[in-house]
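Heads up, the thing below is written out as structure tokens.
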Amino acid sequence: MSLQSGALAASTEQVTQRPGGPTKAQMSEGKRAERNLGLLLCAPAAIIIVLVTAYPIGYAIWLSLQRYDLRFPAEQAFVGLSNYVTVLTSGYWWQAFGVTMLITVISVAIEFVLGLALALMMHRTLVARGLVRTVILIPYGIVTVVAAFSWQFAWTPDKGYLAALLPTGSAPLTDFGSALAIVIGAEVWKTTPFMALLLLAGLALVPDDLLKAAQVDGAGPWQRLTQIILPMMKPAILVALLFRTLDAFRVFDNIYILTQGSNGTGSVSMLGYDNLFKAFNLGIGSAISVLIFICVALLAVLFIKLFGAAAPGSEPSGRR
Amino acid sequence: MATTTGDPRTRVWWGVAGLVVVLYALVPVLWILSLSFKTTDTITDGNFIPRSWTLDNYAQIFSLDIFTSALVNSIGIAIISTVLAVVIGTMAAYAIARLDFPGKKVLVGVSLLIAMFPQISLVSPLFDIERAVGLFDTWPGLILPYITFALPLAIYTLSAFFREIPWELEKAAKMDGATPLQAFRSVIVPLAAPGVFTTAILVFIFCWNDFLFAISLTSTPRSQTATVAIANFTGASQFAEPTGSIAAAAVLLTIPIIIFVLLFQRRIVAGLTSGAVKG
């Protein structure tokens with residue numbers, strides 16, 4: 001979903017700066033009409049958002065405080081925080097949390113490096129620019145489940161072209177380390193193009209003249225990258241990293257297809273899903289849902305705090 | 001851009017780099033395509049290019065009711081969700097980009113929040129709510145969450161496009177006596193059509209791609225989408241070797257994406273990055 005999100009943070013600020021600008025000196029009647037129209041046009045979006053997210057998340061919090069096993073619905077009862085205690089003291093949660101963090105950190109780091117290289121290449125290349133920009137949209141657009149199957153078949157011994165490269169007897173999809181590496185590889189393959197496009201947009205803001213001047217002054221390519229390009233791209237980089245991090249934390253499709261979460265490769269999303277549809281425990285499942293929500297919120301806050309004033313959209317230099 | 005176009009050696013290096021990127025993007029797609037054309041006895045040979053070709057896998061999946069109905073569900077649900085999300089998103093984005101009204105900041109903030117929202121957190125409560133109100137395993141049961149999660153995408157992309165539209169035209173229309181609503185309909189809508197279209201493509205890709213909601217909120221072929229059907233080929237199917245069927249189904253799911261990418265490459269890139277650049 002957050003395909004798009006890069007755009008989001010950056011534009012928030014502009015949107016929020018607009019209201020009440022001095023250009024709006026109009027008759028009060030026109031103003032009121034404008035106000036009503038504004039509310040009217042936003043109402044459907046607001047209603048759907050409240051119905052499908054706000055209410056269910058509130059309901060999830062309530063459910064998470066209940067004993068609620070779908071196999072024994074009659075035994076539903078308020079149990080306070082005991083579901084949370086169960087989850088947080090279980091090895092499964094921490095295993096899944098560790099795996100999720102590992103996948104998030106490693107895949108976002110690789111995506112950033114590859115994405116930056118791809119962006120620099122697309123920005124500079126003289127050959128087949130249009131072709132490159134077209135083909136990289138394929139990993140972005142392709143259905144994750146489809147891509148996951150392609151990787152699964154490629155790594156299945158005796159069937160796949162990639163497994164054929166490994167020594168015989170190896171089981172890449174069932175060994176914890178290699179299975180995790182394959183999941184990360186699938187994530188990286190799919191999302192690097194999106195990262196590259198966001199970074200390319202940031203790269204377009206770096207003036208060519210400045211780079212030429214630096215070159216004349218004797219700055220090498222590496223210096224130009226680290227001293228000029230990266231600092232000027234900082235807002236774009238932060239937006240890309242923030243949204244990809246939160247997106248990676250939700251990893252589900254690739255793991256579901258590639259390993260089914262076996263051998264300890266399940267993410268927190270897999271854990272929540274399994275609790276609901278394999279253990280039929282809505283209480284525990286909801287507690288996991290709420291915990292994941294809190295994790296994502298904390299990650300977002302941490303991210304913004306860590307970069308201080310340079311939170312997405314808050315830096316004027318990012319805006320042309 | 002760079003002015004040193006001449007040097008043939010540089011061109012060769014750029015060519016090599018371009019080739020690497022093309023291979024990167026296409027190899028996994030070509031692999032699944034290759035598998036879909038392999039015969040049953042060669043499908044496990046590990047060869048990248050099929051040794052013997054067949055269309056049996058495609059014939060096979062179309063003979064399965066479960067896949068054809070899933071395909072119909074996927075197309076129907078994705079199109080309806082896209083249309084609704086784009087209509088609702090267009091209204092909200094217009095208001096956000098052009099009008100002054102209370103609660104605007106809240107809406108923008110909440111949309112941002114939803115873009116980051118972990119979908120799994122909604123799965124348990126939605127599962128319970130939808131079973132209670134009879135939406136579980138129905139088209140609307142999937143369309144509603146799809147619209148919700150597509151809305152931030154639609155609102156931000158569209159408001160970025162809307163900000164590019166010249167204000168003066170709308171003012172001129174209003175001066176000529178048009179109400180704000182008329183100005184919206186007859187001036188802004190035609191100018192905004194390219195942005196709306198781009199947004200529709202992005203939203204469709206999102207709905208088409210979804211797996212988590214589809215597998216959690218459906219249980220029978222009456223609303224199961226194609227992503228779920230493919231995933232179920234593995235375990236539930238009685239076929240000894242479902243690889244060929246999965247590959248063929250996977251190729252069919254990829255066709256719309258390839259068409260979009262080939263026809264609308266520029267628009268998709270513009271849509272994905274509009275807010276980031278203009279912001």
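Residue numbering restarts at 1 for every chain of the structure tokens, chains are lettered A, B, ... in their displayed order, and ligands are numbered from 1 as they appear.
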
Within 6 Å of chain A, which residues of chain B show up when using only C-alpha atoms, listed as a ChimeraX atom specification?
-> /B:14-15,25,28,32,44-46,88,91-92,95,99-101,105,115,118,120-121,124-125,148,153,156,209,250,257,265,272-273,275-277,279

With a distance cut-off of 6 Å and only C-alpha atoms, select the neighbouring residues of segment 77-81 of chain A, excluding the residue or stretch itself and same-chain residues fewer than 2 positions from it, and output the selection as an mmCIF file with N, CA and C atoms, in the first residue's frame.
```cif
data_model
loop_
_atom_site.group_PDB
_atom_site.id
_atom_site.type_symbol
_atom_site.label_atom_id
_atom_site.label_comp_id
_atom_site.auth_asym_id
_atom_site.auth_seq_id
_atom_site.Cartn_x
_atom_site.Cartn_y
_atom_site.Cartn_z
ATOM 1 N N LEU A 65 -8.869 -7.335 25.135
ATOM 2 C CA LEU A 65 -9.017 -7.444 26.582
ATOM 3 C C LEU A 65 -9.990 -8.574 26.970
ATOM 4 N N GLN A 66 -10.421 -9.324 25.956
ATOM 5 C CA GLN A 66 -11.386 -10.393 26.207
ATOM 6 C C GLN A 66 -10.735 -11.768 26.039
ATOM 7 N N ARG A 67 -11.281 -12.742 26.772
ATOM 8 C CA ARG A 67 -10.976 -14.109 26.394
ATOM 9 C C ARG A 67 -11.980 -14.463 25.307
ATOM 10 N N ASN A 83 -4.218 -11.241 27.864
ATOM 11 C CA ASN A 83 -3.801 -11.633 26.512
ATOM 12 C C ASN A 83 -2.428 -11.041 26.168
ATOM 13 N N TYR A 84 -2.225 -9.795 26.602
ATOM 14 C CA TYR A 84 -0.940 -9.148 26.319
ATOM 15 C C TYR A 84 0.185 -9.857 27.048
#
```

Determine which residues of segment 87-231 of chain B receive a DSSP assignment of alpha helix (DSSP H), computed from the backbone, and state them as a PyMOL selection string.
-> chain B and resi 87-98+104-116+120-133+139-162+167-175+180-183+189-209+212-217+226-231

Using only C-alpha atoms, which residues sit within 12 Å of Pro221 of chain A once same-chain residues fewer than 6 positions away are excluded, as a PDB file with N, CA and C atoms, in the first residue's frame?
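Saved to out_31.pdb:
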```pdb
ATOM      1  N   LEU A 120      20.688   7.131  -9.539  1.00  0.00           N
ATOM      2  CA  LEU A 120      21.808   7.860 -10.161  1.00  0.00           C
ATOM      3  C   LEU A 120      21.982   7.427 -11.605  1.00  0.00           C
ATOM      4  N   LEU A 211      26.775  20.944  -9.212  1.00  0.00           N
ATOM      5  CA  LEU A 211      27.657  19.790  -9.371  1.00  0.00           C
ATOM      6  C   LEU A 211      28.810  20.126 -10.308  1.00  0.00           C
ATOM      7  N   LYS A 212      28.503  20.877 -11.360  1.00  0.00           N
ATOM      8  CA  LYS A 212      29.553  21.267 -12.306  1.00  0.00           C
ATOM      9  C   LYS A 212      30.580  22.142 -11.601  1.00  0.00           C
ATOM     10  N   ALA A 214      31.276  22.226  -8.457  1.00  0.00           N
ATOM     11  CA  ALA A 214      32.065  21.409  -7.533  1.00  0.00           C
ATOM     12  C   ALA A 214      33.123  20.624  -8.298  1.00  0.00           C
ATOM     13  N   GLN A 215      32.739  20.166  -9.477  1.00  0.00           N
ATOM     14  CA  GLN A 215      33.673  19.400 -10.294  1.00  0.00           C
ATOM     15  C   GLN A 215      34.851  20.284 -10.705  1.00  0.00           C
ATOM     16  N   GLN A 227      28.946  14.982  -0.358  1.00  0.00           N
ATOM     17  CA  GLN A 227      28.941  16.353   0.140  1.00  0.00           C
ATOM     18  C   GLN A 227      27.788  17.189  -0.421  1.00  0.00           C
ATOM     19  N   ILE A 228      27.370  16.874  -1.618  1.00  0.00           N
ATOM     20  CA  ILE A 228      26.343  17.728  -2.236  1.00  0.00           C
ATOM     21  C   ILE A 228      25.043  16.969  -2.468  1.00  0.00           C
ATOM     22  N   ILE A 229      25.139  15.860  -3.221  1.00  0.00           N
ATOM     23  CA  ILE A 229      23.902  15.201  -3.657  1.00  0.00           C
ATOM     24  C   ILE A 229      23.108  14.666  -2.461  1.00  0.00           C
TER      25      ILE A 229
END
```

Which residues, written as a ChimeraX atom specification, have at least one atom at most 10 Å from Ser52 of chain B, with only C-alpha atoms counted and residues fewer than 3 positions away on the same chain left out?
-> /B:37-43,49

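You can rank B:Trp139, B:Phe204, B:Phe127, B:Phe149 by their closest distance to Leu217 of chain B using only C-alpha atoms, and at the top of that list sits B:Phe127.
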
Residues within 10 Å of Leu84 of chain B, only C-alpha atoms, excluding chain neighbours under 2 positions, as JSON, numbers by chain | {"B": [79, 80, 81, 82, 86, 87, 88, 89, 90, 143, 144, 146, 147, 150, 151, 200]}

Near-Ala173 of chain B list (10 Å; only C-alpha atoms; drop same-chain fewer than 2 positions) as a VMD selection string = chain B and resid 168 to 171 175 to 180 182 to 184 186 to 187

Please produce a file of the residues just selected, as an mmCIF file, in the first residue's frame, where the atoms kept are C-alpha atoms.
```
data_model
loop_
_atom_site.group_PDB
_atom_site.id
_atom_site.type_symbol
_atom_site.label_atom_id
_atom_site.label_comp_id
_atom_site.auth_asym_id
_atom_site.auth_seq_id
_atom_site.Cartn_x
_atom_site.Cartn_y
_atom_site.Cartn_z
ATOM 1 C CA GLU B 168 -7.331 31.547 -12.644
ATOM 2 C CA LEU B 169 -9.513 29.360 -14.812
ATOM 3 C CA GLU B 170 -11.671 28.406 -11.888
ATOM 4 C CA LYS B 171 -11.867 32.018 -10.768
ATOM 5 C CA MET B 175 -16.781 35.313 -12.214
ATOM 6 C CA ASP B 176 -18.874 34.222 -15.143
ATOM 7 C CA GLY B 177 -21.444 33.137 -12.597
ATOM 8 C CA ALA B 178 -20.580 29.494 -12.019
ATOM 9 C CA THR B 179 -21.145 28.120 -8.546
ATOM 10 C CA PRO B 180 -18.186 26.391 -6.865
ATOM 11 C CA GLN B 182 -20.121 24.077 -11.438
ATOM 12 C CA ALA B 183 -16.570 25.350 -11.467
ATOM 13 C CA PHE B 184 -15.521 21.969 -10.133
ATOM 14 C CA SER B 186 -16.889 21.925 -15.886
ATOM 15 C CA VAL B 187 -13.450 23.467 -15.381
#
```
